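Structure file data_11.txt; described as compact mmCIF, N, CA and C atoms.
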# COMPACT_ATOMS: atom_id res chain seq x y z
N MET A 50 0.82 -1.19 0.00
CA MET A 50 0.00 0.00 0.00
C MET A 50 0.87 1.26 0.00
N LEU A 51 1.98 1.21 0.69
CA LEU A 51 2.87 2.38 0.76
C LEU A 51 3.46 2.72 -0.60
N ALA A 52 3.84 1.71 -1.37
CA ALA A 52 4.43 1.96 -2.69
C ALA A 52 3.46 2.68 -3.62
N ALA A 53 2.16 2.45 -3.46
CA ALA A 53 1.16 3.09 -4.30
C ALA A 53 0.61 4.38 -3.70
N ALA A 54 1.03 4.71 -2.50
CA ALA A 54 0.49 5.89 -1.81
C ALA A 54 0.93 7.18 -2.48
N ASP A 55 0.05 8.16 -2.46
CA ASP A 55 0.28 9.46 -3.09
C ASP A 55 0.70 10.49 -2.03
N PRO A 56 1.96 10.96 -2.09
CA PRO A 56 2.40 11.96 -1.12
C PRO A 56 1.54 13.23 -1.12
N ALA A 57 1.02 13.63 -2.28
CA ALA A 57 0.16 14.83 -2.33
C ALA A 57 -1.13 14.60 -1.54
N ALA A 58 -1.68 13.40 -1.64
CA ALA A 58 -2.87 13.07 -0.84
C ALA A 58 -2.49 13.05 0.64
N GLY A 59 -1.30 12.56 0.93
CA GLY A 59 -0.83 12.53 2.32
C GLY A 59 -0.65 13.92 2.89
N GLU A 60 -0.22 14.86 2.06
CA GLU A 60 -0.08 16.24 2.52
C GLU A 60 -1.44 16.80 2.93
N LYS A 61 -2.48 16.44 2.20
CA LYS A 61 -3.83 16.89 2.55
C LYS A 61 -4.28 16.27 3.87
N VAL A 62 -4.03 14.97 4.04
CA VAL A 62 -4.40 14.31 5.30
C VAL A 62 -3.57 14.89 6.44
N PHE A 63 -2.32 15.26 6.16
CA PHE A 63 -1.44 15.84 7.18
C PHE A 63 -2.00 17.14 7.74
N ASN A 64 -2.93 17.77 7.03
CA ASN A 64 -3.55 18.99 7.55
C ASN A 64 -4.17 18.73 8.92
N LYS A 65 -4.60 17.50 9.19
CA LYS A 65 -5.14 17.14 10.50
C LYS A 65 -4.06 17.22 11.58
N CYS A 66 -2.82 17.11 11.18
CA CYS A 66 -1.69 17.08 12.11
C CYS A 66 -1.10 18.47 12.37
N LYS A 67 -1.41 19.40 11.48
CA LYS A 67 -0.76 20.71 11.52
C LYS A 67 -1.10 21.56 12.74
N ALA A 68 -2.13 21.21 13.47
CA ALA A 68 -2.43 21.96 14.70
C ALA A 68 -1.31 21.80 15.72
N CYS A 69 -0.58 20.68 15.61
CA CYS A 69 0.48 20.40 16.59
C CYS A 69 1.86 20.17 15.99
N HIS A 70 1.94 19.86 14.71
CA HIS A 70 3.20 19.50 14.07
C HIS A 70 3.42 20.30 12.79
N ASN A 71 4.69 20.45 12.42
CA ASN A 71 5.02 20.87 11.07
C ASN A 71 6.07 19.89 10.56
N ALA A 72 6.28 19.90 9.28
CA ALA A 72 7.25 19.00 8.68
C ALA A 72 8.17 19.78 7.75
N GLU A 73 8.46 21.00 8.13
CA GLU A 73 9.33 21.87 7.33
C GLU A 73 10.77 21.76 7.80
N LYS A 74 11.69 21.73 6.88
CA LYS A 74 13.10 21.67 7.24
C LYS A 74 13.45 22.92 8.05
N GLY A 75 14.00 22.70 9.22
CA GLY A 75 14.36 23.81 10.10
C GLY A 75 13.19 24.39 10.87
N GLY A 76 12.00 23.83 10.68
CA GLY A 76 10.82 24.33 11.39
C GLY A 76 10.92 24.07 12.88
N ALA A 77 10.29 24.95 13.61
CA ALA A 77 10.32 24.84 15.07
C ALA A 77 9.40 23.73 15.55
N ASN A 78 9.73 23.20 16.71
CA ASN A 78 8.80 22.31 17.38
C ASN A 78 7.59 23.14 17.78
N GLN A 79 6.45 22.51 17.82
CA GLN A 79 5.23 23.17 18.25
C GLN A 79 4.74 22.42 19.48
N VAL A 80 3.45 22.21 19.61
CA VAL A 80 2.94 21.37 20.69
C VAL A 80 3.57 19.98 20.55
N GLY A 81 3.72 19.54 19.30
CA GLY A 81 4.41 18.30 18.99
C GLY A 81 5.72 18.63 18.29
N PRO A 82 6.60 17.65 18.17
CA PRO A 82 7.90 17.91 17.54
C PRO A 82 7.79 18.13 16.03
N ASN A 83 8.76 18.82 15.48
CA ASN A 83 8.88 18.97 14.04
C ASN A 83 9.11 17.57 13.46
N LEU A 84 8.49 17.28 12.33
CA LEU A 84 8.56 15.94 11.75
C LEU A 84 9.46 15.83 10.52
N TRP A 85 10.26 16.84 10.25
CA TRP A 85 11.24 16.74 9.16
C TRP A 85 12.21 15.62 9.52
N ASN A 86 12.53 14.76 8.59
CA ASN A 86 13.45 13.63 8.79
C ASN A 86 12.93 12.59 9.78
N VAL A 87 11.63 12.54 10.03
CA VAL A 87 11.12 11.59 11.02
C VAL A 87 11.22 10.14 10.52
N VAL A 88 11.01 9.90 9.23
CA VAL A 88 11.04 8.52 8.73
C VAL A 88 12.46 7.97 8.86
N ASN A 89 12.56 6.88 9.57
CA ASN A 89 13.81 6.17 9.84
C ASN A 89 14.69 6.85 10.88
N SER A 90 14.16 7.85 11.58
CA SER A 90 14.91 8.47 12.66
C SER A 90 14.61 7.74 13.96
N SER A 91 15.35 8.06 14.98
CA SER A 91 15.08 7.49 16.30
C SER A 91 13.81 8.09 16.87
N ILE A 92 13.05 7.27 17.56
CA ILE A 92 11.87 7.77 18.26
C ILE A 92 12.37 8.73 19.34
N ALA A 93 11.67 9.81 19.54
CA ALA A 93 12.03 10.85 20.53
C ALA A 93 13.40 11.43 20.21
N HIS A 94 13.62 11.82 18.95
CA HIS A 94 14.94 12.22 18.49
C HIS A 94 15.25 13.71 18.57
N HIS A 95 14.26 14.55 18.83
CA HIS A 95 14.54 15.98 18.90
C HIS A 95 15.06 16.36 20.28
N ASP A 96 16.32 16.74 20.35
CA ASP A 96 16.89 17.17 21.63
C ASP A 96 16.11 18.36 22.15
N GLY A 97 15.80 18.34 23.42
CA GLY A 97 15.12 19.46 24.05
C GLY A 97 13.61 19.41 23.97
N PHE A 98 13.04 18.51 23.16
CA PHE A 98 11.58 18.42 23.12
C PHE A 98 11.12 17.57 24.30
N PRO A 99 10.09 18.02 25.02
CA PRO A 99 9.63 17.29 26.21
C PRO A 99 8.71 16.11 25.87
N TYR A 100 9.30 15.05 25.38
CA TYR A 100 8.52 13.86 25.03
C TYR A 100 7.91 13.24 26.29
N SER A 101 6.81 12.56 26.10
CA SER A 101 6.22 11.81 27.20
C SER A 101 7.18 10.69 27.61
N THR A 102 7.05 10.24 28.81
CA THR A 102 7.86 9.12 29.29
C THR A 102 7.66 7.90 28.39
N ALA A 103 6.42 7.72 27.91
CA ALA A 103 6.10 6.57 27.06
C ALA A 103 6.92 6.57 25.77
N LEU A 104 7.08 7.73 25.14
CA LEU A 104 7.87 7.80 23.91
C LEU A 104 9.36 7.86 24.23
N ALA A 105 9.74 8.57 25.25
CA ALA A 105 11.16 8.66 25.61
C ALA A 105 11.72 7.27 25.92
N ALA A 106 10.90 6.40 26.48
CA ALA A 106 11.34 5.04 26.80
C ALA A 106 11.65 4.24 25.54
N ARG A 107 11.16 4.69 24.39
CA ARG A 107 11.38 3.98 23.14
C ARG A 107 12.43 4.67 22.27
N SER A 108 13.22 5.55 22.85
CA SER A 108 14.17 6.37 22.08
C SER A 108 15.24 5.54 21.38
N GLY A 109 15.46 4.32 21.77
CA GLY A 109 16.43 3.46 21.09
C GLY A 109 15.87 2.80 19.84
N GLU A 110 14.57 2.96 19.60
CA GLU A 110 13.91 2.38 18.43
C GLU A 110 13.82 3.42 17.32
N LYS A 111 13.51 2.96 16.12
CA LYS A 111 13.40 3.86 14.97
C LYS A 111 11.96 3.95 14.47
N TRP A 112 11.67 5.10 13.86
CA TRP A 112 10.38 5.30 13.19
C TRP A 112 10.46 4.66 11.81
N THR A 113 10.36 3.36 11.76
CA THR A 113 10.30 2.65 10.48
C THR A 113 8.93 2.87 9.86
N TYR A 114 8.77 2.46 8.63
CA TYR A 114 7.46 2.56 8.00
C TYR A 114 6.41 1.79 8.80
N ASP A 115 6.77 0.60 9.27
CA ASP A 115 5.83 -0.20 10.05
C ASP A 115 5.49 0.46 11.38
N GLU A 116 6.50 0.98 12.06
CA GLU A 116 6.26 1.64 13.35
C GLU A 116 5.38 2.88 13.17
N LEU A 117 5.64 3.66 12.14
CA LEU A 117 4.80 4.83 11.88
C LEU A 117 3.35 4.42 11.61
N ASN A 118 3.16 3.35 10.87
CA ASN A 118 1.82 2.87 10.60
C ASN A 118 1.10 2.49 11.89
N VAL A 119 1.78 1.76 12.76
CA VAL A 119 1.17 1.35 14.03
C VAL A 119 0.86 2.59 14.87
N TYR A 120 1.80 3.52 14.93
CA TYR A 120 1.60 4.73 15.73
C TYR A 120 0.44 5.55 15.20
N LEU A 121 0.39 5.74 13.89
CA LEU A 121 -0.67 6.56 13.32
C LEU A 121 -2.04 5.89 13.40
N THR A 122 -2.06 4.58 13.56
CA THR A 122 -3.33 3.88 13.77
C THR A 122 -3.91 4.27 15.11
N SER A 123 -3.09 4.26 16.16
CA SER A 123 -3.54 4.62 17.50
C SER A 123 -2.32 4.99 18.35
N PRO A 124 -2.02 6.28 18.44
CA PRO A 124 -0.87 6.70 19.25
C PRO A 124 -0.93 6.17 20.69
N LYS A 125 -2.10 6.15 21.28
CA LYS A 125 -2.22 5.70 22.67
C LYS A 125 -1.98 4.20 22.83
N ALA A 126 -2.33 3.42 21.83
CA ALA A 126 -2.05 1.98 21.88
C ALA A 126 -0.56 1.71 21.67
N PHE A 127 0.07 2.49 20.78
CA PHE A 127 1.50 2.33 20.51
C PHE A 127 2.33 2.70 21.73
N ALA A 128 1.97 3.79 22.38
CA ALA A 128 2.74 4.30 23.52
C ALA A 128 1.78 4.74 24.61
N PRO A 129 1.25 3.78 25.40
CA PRO A 129 0.34 4.16 26.48
C PRO A 129 0.98 5.21 27.37
N GLY A 130 0.27 6.30 27.58
CA GLY A 130 0.80 7.40 28.37
C GLY A 130 1.34 8.53 27.51
N THR A 131 1.26 8.39 26.18
CA THR A 131 1.73 9.46 25.31
C THR A 131 0.92 10.73 25.57
N LYS A 132 1.55 11.87 25.35
CA LYS A 132 0.86 13.15 25.49
C LYS A 132 -0.01 13.45 24.27
N MET A 133 0.23 12.74 23.19
CA MET A 133 -0.51 13.02 21.96
C MET A 133 -1.97 12.61 22.13
N THR A 134 -2.87 13.57 21.94
CA THR A 134 -4.28 13.31 22.15
C THR A 134 -5.00 12.89 20.88
N PHE A 135 -4.33 12.97 19.73
CA PHE A 135 -4.94 12.59 18.46
C PHE A 135 -5.32 11.11 18.50
N ALA A 136 -6.54 10.80 18.07
CA ALA A 136 -7.03 9.42 18.15
C ALA A 136 -6.37 8.49 17.15
N GLY A 137 -5.87 9.03 16.05
CA GLY A 137 -5.24 8.20 15.03
C GLY A 137 -5.99 8.28 13.71
N LEU A 138 -5.45 7.62 12.71
CA LEU A 138 -6.04 7.58 11.38
C LEU A 138 -6.56 6.16 11.14
N SER A 139 -7.86 6.01 11.05
CA SER A 139 -8.43 4.66 10.95
C SER A 139 -8.28 4.04 9.56
N LYS A 140 -8.19 4.87 8.52
CA LYS A 140 -8.11 4.33 7.16
C LYS A 140 -6.66 4.01 6.78
N PRO A 141 -6.38 2.77 6.42
CA PRO A 141 -5.01 2.40 6.04
C PRO A 141 -4.46 3.26 4.90
N GLU A 142 -5.32 3.62 3.94
CA GLU A 142 -4.84 4.43 2.82
C GLU A 142 -4.44 5.84 3.27
N ASP A 143 -5.11 6.37 4.30
CA ASP A 143 -4.72 7.68 4.84
C ASP A 143 -3.37 7.59 5.54
N ARG A 144 -3.18 6.52 6.31
CA ARG A 144 -1.88 6.34 6.99
C ARG A 144 -0.77 6.19 5.97
N ALA A 145 -0.99 5.39 4.94
CA ALA A 145 0.04 5.19 3.91
C ALA A 145 0.35 6.51 3.22
N ALA A 146 -0.66 7.30 2.93
CA ALA A 146 -0.44 8.58 2.25
C ALA A 146 0.34 9.54 3.13
N VAL A 147 0.02 9.61 4.41
CA VAL A 147 0.76 10.50 5.32
C VAL A 147 2.20 10.04 5.44
N ILE A 148 2.42 8.75 5.55
CA ILE A 148 3.79 8.23 5.64
C ILE A 148 4.55 8.54 4.35
N ALA A 149 3.89 8.38 3.20
CA ALA A 149 4.52 8.72 1.92
C ALA A 149 4.87 10.21 1.88
N PHE A 150 3.99 11.06 2.39
CA PHE A 150 4.28 12.49 2.45
C PHE A 150 5.47 12.75 3.38
N LEU A 151 5.45 12.16 4.57
CA LEU A 151 6.56 12.38 5.52
C LEU A 151 7.88 11.88 4.95
N ARG A 152 7.83 10.83 4.14
CA ARG A 152 9.05 10.33 3.49
C ARG A 152 9.67 11.41 2.61
N THR A 153 8.84 12.24 1.98
CA THR A 153 9.37 13.31 1.12
C THR A 153 9.94 14.46 1.94
N ARG A 154 9.62 14.51 3.20
CA ARG A 154 10.09 15.58 4.09
C ARG A 154 11.35 15.08 4.79
N ASN A 155 12.37 14.86 4.02
CA ASN A 155 13.56 14.19 4.51
C ASN A 155 14.75 14.59 3.64
N ASP A 156 15.90 14.77 4.26
CA ASP A 156 17.11 15.12 3.49
C ASP A 156 17.48 13.99 2.53
N SER A 157 17.31 12.76 2.95
CA SER A 157 17.58 11.58 2.11
C SER A 157 16.45 10.59 2.33
N PRO A 158 15.39 10.69 1.56
CA PRO A 158 14.25 9.78 1.79
C PRO A 158 14.70 8.32 1.78
N PRO A 159 14.35 7.58 2.83
CA PRO A 159 14.72 6.17 2.88
C PRO A 159 14.00 5.39 1.79
N PRO A 160 14.62 4.32 1.28
CA PRO A 160 13.96 3.53 0.25
C PRO A 160 12.68 2.91 0.77
N LEU A 161 11.75 2.71 -0.12
CA LEU A 161 10.51 2.04 0.24
C LEU A 161 10.80 0.55 0.52
N PRO A 162 10.02 -0.05 1.40
CA PRO A 162 10.26 -1.47 1.69
C PRO A 162 9.96 -2.35 0.49
Please lay out the structure from this file as C-alpha cells.
Amino acid sequence: MLAAADPAAGEKVFNKCKACHNAEKGGANQVGPNLWNVVNSSIAHHDGFPYSTALAARSGEKWTYDELNVYLTSPKAFAPGTKMTFAGLSKPEDRAAVIAFLRTRNDSPPPLP
C-alpha cells in the first residue's frame, strides 16, 4: 500500500496534524515535535523536546514505515501514556499517504520497503 500511496494526498491528510506539528526543514517544534526527517529516525529524536515518558522510553527504536503505521493507527495503543491526544487515522490508505508524504520531508528519503 505504501508503494502506491500518493504523497500529495498525504499532505492533505497531514492537515489534521498541523495543529500540533510541522514537517518543514528547520521548522520549530510546536505542541508536537517537528517531523522533518522523522522517517527512519530514532523515536524521541529531537533534543530538548519534552517527550512523554512513554515515547522517551522507546528512544532506542526507529520510526520505520511499520512503526509509523502502528503509531498513526492509535498513538495511545502504541505508547500508552503518550501526550498526543490525536485518536489516530483509521483508514489504512490515509496512513500510507501520510507516511509517503513524511518520506518526502527528509534530506535523504529512505527507500521504500
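The space separating atom N of Pro160 (chain A) from atom N of Tyr114 (chain A) comes to 9.6 Å.
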query: Counting only C-alpha atoms, which of A:Asn64, A:Asn86, A:Asn78, A:Asn118 gets nearest to Asn155 (chain A)?
result: A:Asn86
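Take atom N of Ile148 (chain A) and atom C of Leu161 (chain A): the distance between them is 12.8 Å.
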Test item, helix (DSSP H, G or I) assignment across region 51-121 of chain A, answer as a count of residues only: 20
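Closest approach to Arg144 (chain A) among A:Pro162, A:Arg107, A:Gly130, A:Val119 is made by A:Val119 (distances from only C-alpha atoms).
Between atom C of Leu104 (chain A) and CA of Met50 (chain A) there is a distance of 27.1 Å.
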field: Residue with smallest distance to Ala53 (chain A) - pool A:Ala68, A:Glu142, A:Trp85, A:Thr102, counting only C-alpha atoms
entry: A:Glu142
- prompt: Any idea what's packed within 6.5 Å of Leu51 (chain A), counting all atoms listed in the file, ignoring anything in its chain fewer than 2 positions away? Could you give it as a count of residues only?
  reply: 4
field: For Arg154 (chain A): contacts at 8 Å, only N, CA and C atoms, fewer than 4 positions along chain excluded, given as a PyMOL selection string
entry: chain A and resi 72-74+84-88+148-150+158
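The residue that comes closest to Gly137 (chain A), out of A:Leu121, A:Ile92, A:Ala106, A:Phe98 and on the basis of all atoms listed in the file, is A:Leu121.
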Generate the coordinates of all heavy atoms for region 100-111 of chain A; report them as a tab-separated table (two decimals), in the frame of the given file.
chain	number	residue	atom	x	y	z
A	100	TYR	N	9.30	15.05	25.38
A	100	TYR	CA	8.52	13.86	25.03
A	100	TYR	C	7.91	13.24	26.29
A	100	TYR	O	8.47	13.36	27.39
A	100	TYR	CB	9.41	12.80	24.36
A	100	TYR	CG	9.84	13.18	22.97
A	100	TYR	CD1	11.10	13.73	22.74
A	100	TYR	CD2	9.01	12.97	21.89
A	100	TYR	CE1	11.50	14.08	21.45
A	100	TYR	CE2	9.41	13.31	20.59
A	100	TYR	CZ	10.65	13.87	20.40
A	100	TYR	OH	11.05	14.20	19.12
A	101	SER	N	6.81	12.56	26.10
A	101	SER	CA	6.22	11.81	27.20
A	101	SER	C	7.18	10.69	27.61
A	101	SER	O	8.03	10.25	26.82
A	101	SER	CB	4.88	11.19	26.78
A	101	SER	OG	5.09	10.25	25.73
A	102	THR	N	7.05	10.24	28.81
A	102	THR	CA	7.86	9.12	29.29
A	102	THR	C	7.66	7.90	28.39
A	102	THR	O	8.60	7.17	28.11
A	102	THR	CB	7.49	8.79	30.75
A	102	THR	OG1	7.68	9.96	31.54
A	102	THR	CG2	8.35	7.67	31.31
A	103	ALA	N	6.42	7.72	27.91
A	103	ALA	CA	6.10	6.57	27.06
A	103	ALA	C	6.92	6.57	25.77
A	103	ALA	O	7.41	5.53	25.34
A	103	ALA	CB	4.62	6.56	26.74
A	104	LEU	N	7.08	7.73	25.14
A	104	LEU	CA	7.87	7.80	23.91
A	104	LEU	C	9.36	7.86	24.23
A	104	LEU	O	10.17	7.25	23.53
A	104	LEU	CB	7.46	8.99	23.05
A	104	LEU	CG	6.20	8.78	22.22
A	104	LEU	CD1	5.88	10.03	21.41
A	104	LEU	CD2	6.33	7.59	21.29
A	105	ALA	N	9.74	8.57	25.25
A	105	ALA	CA	11.16	8.66	25.61
A	105	ALA	C	11.72	7.27	25.92
A	105	ALA	O	12.88	6.99	25.62
A	105	ALA	CB	11.34	9.60	26.80
A	106	ALA	N	10.90	6.40	26.48
A	106	ALA	CA	11.34	5.04	26.80
A	106	ALA	C	11.65	4.24	25.54
A	106	ALA	O	12.35	3.24	25.60
A	106	ALA	CB	10.27	4.33	27.62
A	107	ARG	N	11.16	4.69	24.39
A	107	ARG	CA	11.38	3.98	23.14
A	107	ARG	C	12.43	4.67	22.27
A	107	ARG	O	12.56	4.39	21.08
A	107	ARG	CB	10.06	3.87	22.38
A	107	ARG	CG	9.02	3.06	23.19
A	107	ARG	CD	7.78	2.85	22.43
A	107	ARG	NE	8.02	1.78	21.46
A	107	ARG	CZ	7.07	1.04	20.94
A	107	ARG	NH1	5.82	1.23	21.26
A	107	ARG	NH2	7.36	0.11	20.06
A	108	SER	N	13.22	5.55	22.85
A	108	SER	CA	14.17	6.37	22.08
A	108	SER	C	15.24	5.54	21.38
A	108	SER	O	15.85	6.02	20.43
A	108	SER	CB	14.81	7.43	22.96
A	108	SER	OG	15.57	6.84	23.98
A	109	GLY	N	15.46	4.32	21.77
A	109	GLY	CA	16.43	3.46	21.09
A	109	GLY	C	15.87	2.80	19.84
A	109	GLY	O	16.59	2.18	19.08
A	110	GLU	N	14.57	2.96	19.60
A	110	GLU	CA	13.91	2.38	18.43
A	110	GLU	C	13.82	3.42	17.32
A	110	GLU	O	14.01	4.60	17.55
A	110	GLU	CB	12.50	1.91	18.82
A	110	GLU	CG	12.50	0.86	19.91
A	110	GLU	CD	11.10	0.54	20.38
A	110	GLU	OE1	10.20	0.37	19.53
A	110	GLU	OE2	10.89	0.48	21.61
A	111	LYS	N	13.51	2.96	16.12
A	111	LYS	CA	13.40	3.86	14.97
A	111	LYS	C	11.96	3.95	14.47
A	111	LYS	O	11.18	3.02	14.62
A	111	LYS	CB	14.30	3.38	13.83
A	111	LYS	CG	15.76	3.55	14.12
A	111	LYS	CD	16.55	3.48	12.83
A	111	LYS	CE	18.00	3.74	13.08
A	111	LYS	NZ	18.34	5.13	12.97
